[in-house]
Structures are given as C-alpha cells and as structure tokens.
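Undergrad: Once you've had a glance at the structure underneath, I'll fire off some questions.
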Amino acid sequence: MSDGQFDIYEIQNIIDDLRKKIRYHDKLYYQDAQPEISDFEYDKLMQRLNNLEQQYPHLITPDSPTQRVSGKPLTEFKTVQHEYPMLSIQNTYSKEELFAFYSRLKKLLPDDEISFTTELKIDGVAISLIYEKGIFTRAVTRGDGIRGDDVTANIRTIKSLVKDIKDKNVPDKMVIRGEVFLARKTFEQINKQRQEQGLQLFANPRNAAAGTLKLLDPRQAAKRRLDIIVYGIDTDLGVKTHFEALRKLKEFGFPVNEPFNLCENIEDVMVYCEEGLNIRSQLPFDIDGMVIKVNELELQKKLGSTAKSPRWIIAYKFPAEQVMTKIYDIVFQVGRTGILTPVAVLEPVIISGSTVSRASLYNKDEIENKDIRIGDYVIVEKGGEIIPKVVSVVTEKRDGSQLVFNFPKICPVCGGNIIQEQGEAALRCDSISCSAQLMRRIEHFASREAMNIDGLGESIVKQLVDKKLIGDVADLYALSAGQIANLERMGDKSASNLIKSIEKSKNNDLPRLIFGMGIRHVGIRMAEILAKAYKSLDALMAATIDDLMDKKEKGIITDVGDIVAKSIVSFFLSGKNKNVIKKLRSFGLNFKLFSKDIEENPFFDKIVVLTGSLSVYTRGQASRLIKELGGTVGSSVTKFTHYVVAGEKAGSKLEKAKQLNIPILNEDEFLRIINECL
Ligand code: IVH
C-alpha cells in the first residue's frame, strides 16, 4: 500500500461493506425473525467493524451499527425516572359501578358536558416512549410508576413502531404511552418452541411479553416478535380532546388502539363495552376489558388525579370466561426430557369463541390439591391463558361414579419406568428408548435454532420413528431418499429436498449442534457460550464439573451453575449419548467451532508469521484474526512456516522467508483474505 489516498478508500470500502452486511443481517434478525447466520458469525462481523473503527476513528459515523445500543447484550437495565409518573387506573366489574363512576364525575363537574372515548384494554405491559424531534430515543417500563427500566433496545425490535416520524411538525419532545404485547399466534409459537426445547412454558401472552422485555440481549428479544399499540400522550399536541390526540398519533404513523370510539353519554359507553366483550375472542391479541376516558383534555385537567390514579379514567374489566364441563379422561403428554404432563380430556365446550376439549393439569400436585377425578364436572377458565385451566371441581355434582386418578407406574407410551425426583412435582419416564421422547428429541434437533433441517416436520418424524427407520438423531444421516419418498404425503421431490437439508446441516456451526443435542438446561445462548469456550465438541465432552466451574470463575463462561454443569457432564457420560455422538462423527458432522466453510480458508491449520507493521490492525489484532481462521501465529520463520505477512519496515524475517521460498503476503493481500473469509 504505497498510495495513502488509496489506503483510506480501501478501508472505507471494507467498512462500508461490513456495515451493509450487518444492517442486512439486522433486518433479517430484528424485523423478519429469519436470521441467515449464527449469532457467532454476526458477532464476528461486528468485532471486525469495531476493530477497524478503533483504528480509524475518523471513519466512525453516528449511524454505524457499532454506535447503537441494540445488537449488544446488556448486563443490566438502566433505571430511569419517568417524566410524568405512570399511574394505574381504577377498575370496575359491572354496569352499576360504571354508572357510579359517571355520577362521581357529574358531582365534580356539574356544569360541564362530558364526552368519553372507549378503547380496548390490551392485556400486555405498559410502556412509556420518548421521541425527540420525531425520533424514537427511549422506552421505559412502568416499574414502580416513578422509575422504570430502560428497555429501548428491545422496543426497537418492534417492527410496527415508528422510529422516525416523517411529519417533522411534532413537538421537540413527546412522551407517549402504550402497551407492549404478543399476538396470540406468536405466543403459541413461542410456547411450542419452548416445549420442544424442554423449557418452562409461559402461562399467557402477558407473561411472555414481560419476560421478553426483560431479555438482556435484544437479538433474542427480536425473535419473540413483540408488538405495540399506543393509547395516550402526555405531551400537548395542540388538540382539545383525547379522540383528536389518538387521530394525530395515527397520522404520525403509530399503531393506535383501534377501534377507539367517541361516546356522547354513558349509555353509549355501555354499548361499546358490550361490543368489546363480543369481539374479544376474534381479536389477534388478548384484552381484559375496556378503558373509558373523559374525552375533553380540559376536563381531564380539572378532574386531576389521586395519588394512585387519574379521576378521569376507568377500566371496565371483563370477567374471565368460565364454563362448566365434564372430564372424560386424564392422559399424559411425554416431553423431550421424559416429563409427563397430565392433560384433562374434556367434553368439548366453547370458551371465548373457540372449542376447548383439553386442559392442562400441569402436574401431579395440581390433580391432588384440587382433587380432580375422572368423570368430575369442573369449571374451566380461559382468562389471560391460552391453554384453558381447570379452576375447580363442582363437588355437588359428584354421584359416586367418579374415579380417583391412579397415576401410572409405567410410561403410557413406552412402558418404561416412571420416576419422581426429590423436590420435583414432575413425573418422568426414565426409558432411553421411549418413542415419544425420541420424537420430541428429533423434532428439537431439527428445529430452526438447532440444526435447522427444513422439511422435517412432526408427521414425518412420527412416521420415521413408528417405522423404526430412526432410533436416534444420528440415524437421520443414514436415511435414503427412497426411504423418505415411501412415507405418507411425501414424493420424490420433497424427499430429495429433505435429504439436501439433512446433508446441509452437517456443516452447521458448533453451537447449533450442542443445542440440538438437547442437553437439559442448555439453551441456544448457553450452547454458544460453551462452543466459544471449548471450541470443539470433543473438548466439551471432556469437560469436568471442576473445569466448567473454573471457566465460570475466570469469566470465560457465564450463567453456568451447579445444575447446568452436572447436566452437561452427565449427558456426555451416558453410553447411549456417546454412541450417538460417535455415529454423528462418522457421518462427517462438523464438531469444531470453525465450520467447514472456514476450514476452506488459506490460513486454516497453517502457520503464519507476522513481520513489520500493518496499518489497519495491530499485531495483536492480526494474530487474533489468524487464530479465528484456525491458523497458528508463529514467532519466527522456519521451514515449517506456511505464510509470512509483511507490513511496513519488515526486517530479517522477510529476508528469511525469501531465502526459504515461503509465500509472502503484503498487507493488501492479507486484508483481502481476512475480508473474504471472516
Ligand atoms: S390508559 C393513567 N388505555 O392497563 C394510566 N391503559 O390496568 C393510563 N392498558 O397501566 C392508562 N390498554 O398498561 C390505558 N387503552 C388503554 C389501555 C391501557 C391497556 C393497560 C395499561 C395500564 C393498565 C391498567
């Protein structure tokens, strides 16, 4: 690199290219929830951009991906004081209470004409949004009403939220209120995935939304596809009514709480409240009532607030829908880790617009505490929960025909032993050859975050297991297109596509494989941490509890407690698991942190010696990059050296390389390799 001008253009190009790549992957991750690369690969792009920007600080731009909060996991949330306290609202549960609210208002404002708005009361998590000059700058949870958590990075992942208001005719600073929630469908998908991963299920969309807001890594939050609806503004928009304010918010591009209705009197309010109850089950998200607000902003001001809540606003809460039905039977679902979940089989009933024929009974304690018997009439409720639950038994309807449930002594699917670990409510099938567990394990192995085997759905897995074509995850790699094409609803084309995706998965990076193995307590995040710390499956297999704890103390791995460490070590001690891993190895799966793609780079398994100084990277950074590509950095040039990278003022090492005929790379060539391969 002799021409100084050219150098900087070259660097600028590399930086631009990296930023473009990162933005592209951000979009896939945050907006489409369909990432193409692993978190590990993403981190590497980010790290390279960071390195270059540190070297060339004048090339840092405010919109560079390195300059924003999202994309980087936080260690904790910042606590922020609300500009306007986030109060709660009064609740009513009947028409009478609603009329009493109206009477109170009339007493306080005898001479004023009051109109109202009615809105859906979304069952999510309250949020305060701050916009400066029309640009979204901060999102804070309600917290204790005075202070909340700064969850800006997670809120930024919400696709429907306007981040930059086009209409620049907005107040310099705006504080907007809304509700963050998860659509029912999304919630169901999240829980399905959690079930496959052996993780605890969220009880309802609200809990799932709250849990998501608390995730420290916005990239994880992005996958959960949160949504938002705004319902109020604390800033003066120059309008006279709440109704107009909502309209303005809509014009600014916010997803507002629709339908919002204007009511001239309290009777109209009642009509809309009833309508809300009627449309409740058809909405894509949960609502738990209606919110009624005095429409005139001047009257809102006159009414003011008590210490707890504004006087001009009230919620009309819907009752949780409860229906009586009969329990025909109690059956068990067997999960990936063998946990048996009891499920009540019900005489079908319609609750909140959908037919319910099953209710989770959670565990043994639940059945015993509520004394639920087969043949009992029970009250079933579908409140915030998507999975209906049995609230209570109608004991008056017992006629002696009810049967106390005898817990099975053997697994209803495979006949294996059932165990109950001390201190746990869960019953577990301990058979290693249980077909239900096997199915769940295969589904988990193939799932999107694990080995991402496209086309290996539930019904194919069931057929493969039932026909004994597979007995463990490794057997997938021995399947032939002919065997798959013979399955129900499969043809030659889909069979060949499935074989292709199975083949492709062999080159997946290590975190996917570790996660896919289904070690208890090891989620995708933990799998990534373990992969980075151990660099190969063989090294992880050899890890002892002491070794894991030692790495934890040194801060190399985080979040590994006793239980996780024991779970990892005992997984790899199991003879059956060892055998599966042996088979996976024989099929040529990638067991290393570096995937096959990376192995194809010129530095992989090579000894590289650095000499002279590079303008883009320090010696330490360049060494790290070579190591990332699987190379070794040598300190002196010998006949075993594969490459010498020669920067400015290279000295004797360069001479030695020339003597020994060792390929010499200049900085340009070195950068090209790094840029292409990392
Ligand atoms: S107005 C002063 N409008 O319900 C409080 N709240 O149970 C202003 N909520 O904390 C809130 N939908 O999180 C308002 N259309 C709506 C709402 C709504 C849901 C939530 C909000 C509030 C909680 C009270």
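Residue numbers start at 1 in each chain; chains themselves are named A, B, ... in the order of the structure tokens; ligands are numbered from 1 in the order shown.
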Name all residues at most 8 Å from Asp430 (chain A) (count only C-alpha atoms; drop same-chain ones fewer than 3 positions away) and give them as a PDB file with N, CA, C and O atoms, in the first residue's frame.
TA:
ATOM      1  N   GLY A 338     -38.636 -36.474  28.910  1.00  0.00           N
ATOM      2  CA  GLY A 338     -39.365 -37.546  29.587  1.00  0.00           C
ATOM      3  C   GLY A 338     -40.424 -37.060  30.573  1.00  0.00           C
ATOM      4  O   GLY A 338     -41.108 -37.869  31.198  1.00  0.00           O
ATOM      5  N   GLY A 416     -41.900 -47.751  29.969  1.00  0.00           N
ATOM      6  CA  GLY A 416     -40.688 -47.570  30.792  1.00  0.00           C
ATOM      7  C   GLY A 416     -41.035 -47.142  32.222  1.00  0.00           C
ATOM      8  O   GLY A 416     -42.172 -46.777  32.519  1.00  0.00           O
ATOM      9  N   ASN A 417     -40.020 -47.172  33.091  1.00  0.00           N
ATOM     10  CA  ASN A 417     -40.238 -46.771  34.494  1.00  0.00           C
ATOM     11  C   ASN A 417     -40.567 -45.300  34.622  1.00  0.00           C
ATOM     12  O   ASN A 417     -40.044 -44.481  33.875  1.00  0.00           O
ATOM     13  N   ILE A 418     -41.420 -44.979  35.621  1.00  0.00           N
ATOM     14  CA  ILE A 418     -41.672 -43.566  35.894  1.00  0.00           C
ATOM     15  C   ILE A 418     -41.006 -43.217  37.213  1.00  0.00           C
ATOM     16  O   ILE A 418     -41.145 -43.935  38.203  1.00  0.00           O
ATOM     17  N   ILE A 419     -40.266 -42.121  37.182  1.00  0.00           N
ATOM     18  CA  ILE A 419     -39.600 -41.705  38.419  1.00  0.00           C
ATOM     19  C   ILE A 419     -40.060 -40.305  38.793  1.00  0.00           C
ATOM     20  O   ILE A 419     -40.534 -39.550  37.945  1.00  0.00           O
TER      21      ILE A 419
END
Undergrad: In region 117-182 of chain A, what's helix (DSSP H, G or I) per DSSP? Answer as an MDAnalysis selection string?
TA: chainID A and resid 152:156
Undergrad: Name each residue within 6 Å of ligand 1, counting only C-alpha atoms and all ligand atoms, as a list in words.
TA: Leu87, Ser88, Ile89, Glu119, Leu120, Lys121, Ile122, Asp123, Val125, Ala126, Glu179, Tyr231, Val291 and Pro310 of chain A
Undergrad: Could you list, as number ranges by chain, every residue within 12 Å of Gly575 (chain A), counting only C-alpha atoms and ignoring same-chain residues fewer than 6 positions away?
TA: A: 432, 581-582
Undergrad: Generate a file of the selected residues that holds N, CA, C and O atoms, formatted as a compact mmCIF listing (two decimals), in the first residue's frame.
TA:
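So again_8.txt came out as:
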# COMPACT_ATOMS: atom_id res chain seq x y z
N ILE A 432 -34.67 -44.82 28.00
CA ILE A 432 -33.92 -44.14 26.94
C ILE A 432 -34.49 -44.48 25.56
O ILE A 432 -34.13 -43.89 24.57
N ILE A 581 -23.04 -39.74 19.43
CA ILE A 581 -22.02 -38.77 19.01
C ILE A 581 -21.00 -39.45 18.07
O ILE A 581 -20.59 -38.89 17.07
N LYS A 582 -20.67 -40.70 18.40
CA LYS A 582 -19.74 -41.46 17.56
C LYS A 582 -20.33 -41.60 16.14
O LYS A 582 -19.63 -41.41 15.14
Undergrad: Which residue out of A:Gln47, A:Ile313, A:Gly232, A:Lys576 has the minimum interatomic distance to Glu244 (chain A) when only C-alpha atoms are used?
TA: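 When distances to Glu244 (chain A) are compared using only C-alpha atoms, the smallest one comes from A:Gly232.
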Undergrad: Considering only C-alpha atoms, can you say which of A:Gly647, A:Asp365, A:Lys370, A:Glu553 comes closest to Gly423 (chain A)?
TA: A:Asp365
Undergrad: For Val560 (chain A), please output as a ChimeraX atom specification all residues within 8 Å (counting only C-alpha atoms; exclusion window: fewer than 5 positions along the same chain).
TA: /A:548-549,552,565
Undergrad: CA of Ile327 (chain A) and CA of Val390 (chain A) are how many Å apart?
TA: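 A separation of 9.8 Å between them.
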Undergrad: For each of A:Leu216, A:Ile14, A:Val334, A:Ala183, take the minimum atom-to-atom distance to Pro284 (chain A), counting only C-alpha atoms, then give the residue where this is smallest.
TA: A:Ala183
